[in-house]
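S.K.: Here it is, the structure, as structure tokens.
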Amino acid sequence: MDQQENLYERIGGQQKIGDMVEDFYQSVMKDDSIRGFFHQIDMDKQKNHQTNFLSFVMGGPNQYTGKSLAKAHEGLNTKGEHFDTIVEHLRNTMVQHQLSEQEVEAVLQKISHYRNDIVKE
Ligand code: HEM
């Protein structure tokens with residue numbers, strides 16, 4: 001099993017990822033360049049979906065049952081700059097939660113594969 005498979009377990013599973021997602025959206029919602037996208041969004045639901053998605057990305061049991069990311073972001077008109085901003089918030093949050101540089105990069109590498117689903121330009 002590679003290190004990535006163990007990340008979910010190492011950081012304390014679903015509960016810890018949930019705490020991280022809470023902090024992630026706190027910082028996203030303080031950022032004027034992106035907060036508007038979430039204006040009408042049910043954030044409890046969103047946090048729950050994001051927790052499941054990140055758990056899956058970090059090698060946990062596959063509990064992501066939400067929409068495909070292409071479908072979820074359809075019509076939002078998210079640009080590359082928004083994607084990069086969100087990634088930076090996620091990066092900072094993971095660093096604050098004591099993920100190693102290598103772990104952070106491994107997660108962001110996996111997420112980068114979804115860029116073309118999320119960004120339409
Ligand atoms: C790091 C890249 C991103 C990831 C991993 C990600 C992940 C997700 C996930 C898992 C969902 C839930 C899908 C569902 O409803 O089942 C979602 C929805 C959403 N995302 Fe993202 N996202 C990313 C980038 C962005 C960006 C750049 C924006 C805008 C600034 C954005 C805004 C939204 C909004 C507004 C929704 C709610 C859509 C709805 O419920 O109608 N996301 N995203």
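So you can find residues: chains in the structure tokens are A, B, ... in the order shown, residues in each start at 1, and ligands are numbered from 1 in order.
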Taking only C-alpha atoms and all ligand atoms into account, report as a PyMOL selection string which residues have an atom no farther than 9 Å from an atom of ligand 1.
M.R.: chain A and resi 28+33-43+45-54+64-90+108+111-112+114-115+118-119
S.K.: Got a sec: who's within 10 Å of Met58 in chain A, counting only C-alpha atoms, leaving out chain neighbours fewer than 5 positions off, as a count of residues only?
M.R.: 17
S.K.: What does the distance from CA of Ser55 in chain A to CA of Lys30 in chain A come to in Å, to one decimal?
M.R.: 24.1 Å
S.K.: Out of chain A, which residues get helix (DSSP H, G or I) from DSSP, as a compact mmCIF listing (two decimals) with N, CA and C atoms, in the first residue's frame?
M.R.:
```txt
# COMPACT_ATOMS: atom_id res chain seq x y z
N GLN A 3 1.88 5.35 0.45
CA GLN A 3 1.64 6.26 1.56
C GLN A 3 0.26 6.94 1.44
N GLN A 4 -0.13 7.22 0.20
CA GLN A 4 -1.39 7.90 -0.04
C GLN A 4 -2.57 7.08 0.46
N GLU A 5 -2.48 5.75 0.32
CA GLU A 5 -3.56 4.88 0.78
C GLU A 5 -3.75 5.02 2.29
N ASN A 6 -2.66 5.35 3.01
CA ASN A 6 -2.72 5.42 4.46
C ASN A 6 -3.10 6.79 5.00
N LEU A 7 -3.18 7.77 4.14
CA LEU A 7 -3.35 9.14 4.63
C LEU A 7 -4.65 9.31 5.41
N TYR A 8 -5.72 8.75 4.87
CA TYR A 8 -7.03 8.83 5.53
C TYR A 8 -6.94 8.32 6.97
N GLU A 9 -6.33 7.17 7.14
CA GLU A 9 -6.17 6.58 8.48
C GLU A 9 -5.22 7.42 9.32
N ARG A 10 -4.09 7.82 8.70
CA ARG A 10 -3.06 8.51 9.45
C ARG A 10 -3.58 9.80 10.10
N GLY A 13 -9.08 9.81 9.95
CA GLY A 13 -10.34 9.44 9.30
C GLY A 13 -11.32 10.59 9.09
N GLN A 14 -12.55 10.16 8.87
CA GLN A 14 -13.65 11.05 8.49
C GLN A 14 -13.82 12.25 9.43
N GLN A 15 -13.69 11.98 10.74
CA GLN A 15 -13.90 13.04 11.73
C GLN A 15 -12.88 14.18 11.56
N LYS A 16 -11.61 13.81 11.41
CA LYS A 16 -10.55 14.82 11.27
C LYS A 16 -10.66 15.55 9.93
N ILE A 17 -11.05 14.82 8.91
CA ILE A 17 -11.22 15.46 7.60
C ILE A 17 -12.40 16.44 7.67
N GLY A 18 -13.42 16.07 8.42
CA GLY A 18 -14.56 16.97 8.65
C GLY A 18 -14.12 18.27 9.33
N ASP A 19 -13.24 18.15 10.33
CA ASP A 19 -12.72 19.35 11.02
C ASP A 19 -11.94 20.23 10.05
N MET A 20 -11.19 19.56 9.18
CA MET A 20 -10.37 20.27 8.22
C MET A 20 -11.25 21.03 7.21
N VAL A 21 -12.31 20.35 6.78
CA VAL A 21 -13.24 20.95 5.81
C VAL A 21 -13.94 22.17 6.43
N GLU A 22 -14.25 22.07 7.71
CA GLU A 22 -14.86 23.20 8.42
C GLU A 22 -13.93 24.43 8.33
N ASP A 23 -12.66 24.22 8.63
CA ASP A 23 -11.67 25.31 8.58
C ASP A 23 -11.46 25.81 7.14
N PHE A 24 -11.48 24.85 6.22
CA PHE A 24 -11.31 25.21 4.80
C PHE A 24 -12.41 26.19 4.37
N TYR A 25 -13.68 25.86 4.66
CA TYR A 25 -14.75 26.76 4.22
C TYR A 25 -14.79 28.06 5.02
N GLN A 26 -14.32 28.02 6.27
CA GLN A 26 -14.20 29.28 7.02
C GLN A 26 -13.27 30.23 6.27
N SER A 27 -12.16 29.70 5.78
CA SER A 27 -11.21 30.58 5.10
C SER A 27 -11.72 30.96 3.70
N VAL A 28 -12.38 30.03 3.01
CA VAL A 28 -12.98 30.35 1.70
C VAL A 28 -14.00 31.49 1.84
N ARG A 35 -16.10 33.96 -2.35
CA ARG A 35 -17.21 33.66 -1.43
C ARG A 35 -18.58 33.76 -2.11
N GLY A 36 -18.69 34.65 -3.10
CA GLY A 36 -19.96 34.86 -3.79
C GLY A 36 -20.52 33.60 -4.44
N PHE A 37 -19.63 32.70 -4.85
CA PHE A 37 -20.09 31.46 -5.48
C PHE A 37 -20.94 30.62 -4.53
N PHE A 38 -20.72 30.81 -3.23
CA PHE A 38 -21.38 29.95 -2.23
C PHE A 38 -22.57 30.65 -1.57
N MET A 43 -24.50 25.21 3.07
CA MET A 43 -23.11 24.92 3.42
C MET A 43 -22.95 23.66 4.27
N ASP A 44 -23.97 23.27 5.00
CA ASP A 44 -23.86 22.01 5.76
C ASP A 44 -23.76 20.84 4.79
N LYS A 45 -24.59 20.90 3.78
CA LYS A 45 -24.58 19.87 2.75
C LYS A 45 -23.24 19.88 2.00
N GLN A 46 -22.82 21.08 1.67
CA GLN A 46 -21.57 21.25 0.93
C GLN A 46 -20.38 20.68 1.72
N LYS A 47 -20.33 21.00 3.00
CA LYS A 47 -19.23 20.50 3.86
C LYS A 47 -19.25 18.98 3.92
N ASN A 48 -20.45 18.45 4.00
CA ASN A 48 -20.60 17.00 4.05
C ASN A 48 -20.10 16.35 2.75
N HIS A 49 -20.49 16.93 1.61
CA HIS A 49 -20.03 16.40 0.32
C HIS A 49 -18.51 16.52 0.19
N GLN A 50 -17.99 17.66 0.63
CA GLN A 50 -16.55 17.89 0.49
C GLN A 50 -15.77 16.93 1.40
N THR A 51 -16.31 16.67 2.58
CA THR A 51 -15.67 15.72 3.51
C THR A 51 -15.62 14.33 2.88
N ASN A 52 -16.73 13.94 2.28
CA ASN A 52 -16.76 12.62 1.63
C ASN A 52 -15.82 12.56 0.42
N PHE A 53 -15.80 13.64 -0.32
CA PHE A 53 -14.94 13.68 -1.50
C PHE A 53 -13.46 13.60 -1.08
N LEU A 54 -13.07 14.42 -0.10
CA LEU A 54 -11.66 14.43 0.34
C LEU A 54 -11.28 13.11 1.01
N SER A 55 -12.21 12.50 1.72
CA SER A 55 -11.95 11.18 2.32
C SER A 55 -11.61 10.18 1.23
N PHE A 56 -12.38 10.24 0.17
CA PHE A 56 -12.15 9.35 -0.97
C PHE A 56 -10.78 9.64 -1.61
N VAL A 57 -10.47 10.93 -1.81
CA VAL A 57 -9.18 11.32 -2.41
C VAL A 57 -8.01 10.86 -1.53
N LEU A 69 -18.15 15.95 -10.39
CA LEU A 69 -17.68 17.33 -10.20
C LEU A 69 -18.02 18.20 -11.41
N ALA A 70 -18.06 17.60 -12.60
CA ALA A 70 -18.45 18.37 -13.79
C ALA A 70 -19.88 18.88 -13.62
N LYS A 71 -20.77 17.98 -13.19
CA LYS A 71 -22.18 18.34 -13.00
C LYS A 71 -22.33 19.39 -11.89
N ALA A 72 -21.59 19.17 -10.78
CA ALA A 72 -21.71 20.07 -9.63
C ALA A 72 -21.29 21.50 -9.98
N HIS A 73 -20.33 21.64 -10.90
CA HIS A 73 -19.80 22.97 -11.20
C HIS A 73 -20.33 23.56 -12.49
N GLY A 80 -9.98 29.42 -14.16
CA GLY A 80 -8.73 28.88 -13.63
C GLY A 80 -8.28 29.58 -12.36
N GLU A 81 -8.45 30.90 -12.35
CA GLU A 81 -8.00 31.66 -11.16
C GLU A 81 -8.79 31.27 -9.91
N HIS A 82 -10.09 30.96 -10.09
CA HIS A 82 -10.90 30.54 -8.94
C HIS A 82 -10.43 29.18 -8.44
N PHE A 83 -10.19 28.31 -9.40
CA PHE A 83 -9.71 26.97 -9.05
C PHE A 83 -8.41 27.09 -8.24
N ASP A 84 -7.47 27.92 -8.76
CA ASP A 84 -6.17 28.07 -8.08
C ASP A 84 -6.35 28.65 -6.68
N THR A 85 -7.29 29.57 -6.54
CA THR A 85 -7.55 30.18 -5.23
C THR A 85 -8.08 29.13 -4.24
N ILE A 86 -9.03 28.33 -4.71
CA ILE A 86 -9.59 27.27 -3.86
C ILE A 86 -8.49 26.29 -3.45
N VAL A 87 -7.65 25.94 -4.40
CA VAL A 87 -6.54 25.02 -4.11
C VAL A 87 -5.62 25.61 -3.05
N GLU A 88 -5.36 26.92 -3.13
CA GLU A 88 -4.50 27.56 -2.13
C GLU A 88 -5.13 27.51 -0.74
N HIS A 89 -6.44 27.74 -0.66
CA HIS A 89 -7.11 27.63 0.64
C HIS A 89 -7.00 26.22 1.19
N LEU A 90 -7.16 25.25 0.30
CA LEU A 90 -7.08 23.85 0.73
C LEU A 90 -5.65 23.51 1.17
N ARG A 91 -4.69 24.00 0.40
CA ARG A 91 -3.28 23.77 0.75
C ARG A 91 -2.97 24.33 2.16
N ASN A 92 -3.35 25.58 2.38
CA ASN A 92 -3.08 26.22 3.68
C ASN A 92 -3.76 25.46 4.82
N THR A 93 -4.99 25.04 4.56
CA THR A 93 -5.72 24.32 5.61
C THR A 93 -5.03 23.00 5.93
N MET A 94 -4.59 22.29 4.91
CA MET A 94 -3.92 21.00 5.16
C MET A 94 -2.61 21.20 5.91
N VAL A 95 -1.86 22.26 5.58
CA VAL A 95 -0.62 22.56 6.29
C VAL A 95 -0.92 22.86 7.77
N GLN A 96 -1.98 23.66 7.98
CA GLN A 96 -2.36 23.99 9.37
C GLN A 96 -2.76 22.74 10.16
N GLU A 101 4.44 18.10 3.80
CA GLU A 101 4.50 18.70 2.46
C GLU A 101 4.22 17.65 1.38
N GLN A 102 4.76 16.48 1.60
CA GLN A 102 4.58 15.37 0.65
C GLN A 102 3.11 14.93 0.58
N GLU A 103 2.46 14.88 1.72
CA GLU A 103 1.04 14.49 1.77
C GLU A 103 0.18 15.56 1.08
N VAL A 104 0.49 16.82 1.37
CA VAL A 104 -0.27 17.92 0.76
C VAL A 104 -0.14 17.85 -0.76
N GLU A 105 1.07 17.67 -1.23
CA GLU A 105 1.28 17.62 -2.69
C GLU A 105 0.57 16.43 -3.31
N ALA A 106 0.57 15.29 -2.61
CA ALA A 106 -0.09 14.09 -3.14
C ALA A 106 -1.59 14.33 -3.30
N VAL A 107 -2.20 14.99 -2.32
CA VAL A 107 -3.64 15.28 -2.39
C VAL A 107 -3.92 16.26 -3.53
N LEU A 108 -3.11 17.31 -3.61
CA LEU A 108 -3.36 18.33 -4.65
C LEU A 108 -3.11 17.77 -6.05
N GLN A 109 -2.18 16.85 -6.13
CA GLN A 109 -1.91 16.18 -7.41
C GLN A 109 -3.17 15.43 -7.87
N LYS A 110 -3.79 14.70 -6.95
CA LYS A 110 -5.01 13.96 -7.30
C LYS A 110 -6.13 14.92 -7.70
N ILE A 111 -6.25 16.02 -6.95
CA ILE A 111 -7.32 16.98 -7.23
C ILE A 111 -7.09 17.68 -8.57
N SER A 112 -5.83 17.84 -8.95
CA SER A 112 -5.53 18.53 -10.22
C SER A 112 -6.15 17.80 -11.42
N ARG A 115 -9.41 19.33 -12.56
CA ARG A 115 -9.42 20.73 -12.99
C ARG A 115 -10.33 20.97 -14.20
N ASN A 116 -10.18 20.11 -15.21
CA ASN A 116 -10.96 20.33 -16.44
C ASN A 116 -12.46 20.06 -16.27
N ASP A 117 -12.82 19.34 -15.21
CA ASP A 117 -14.25 19.15 -14.93
C ASP A 117 -14.83 20.40 -14.27
N ILE A 118 -13.98 21.09 -13.51
CA ILE A 118 -14.44 22.20 -12.68
C ILE A 118 -14.33 23.54 -13.41
```
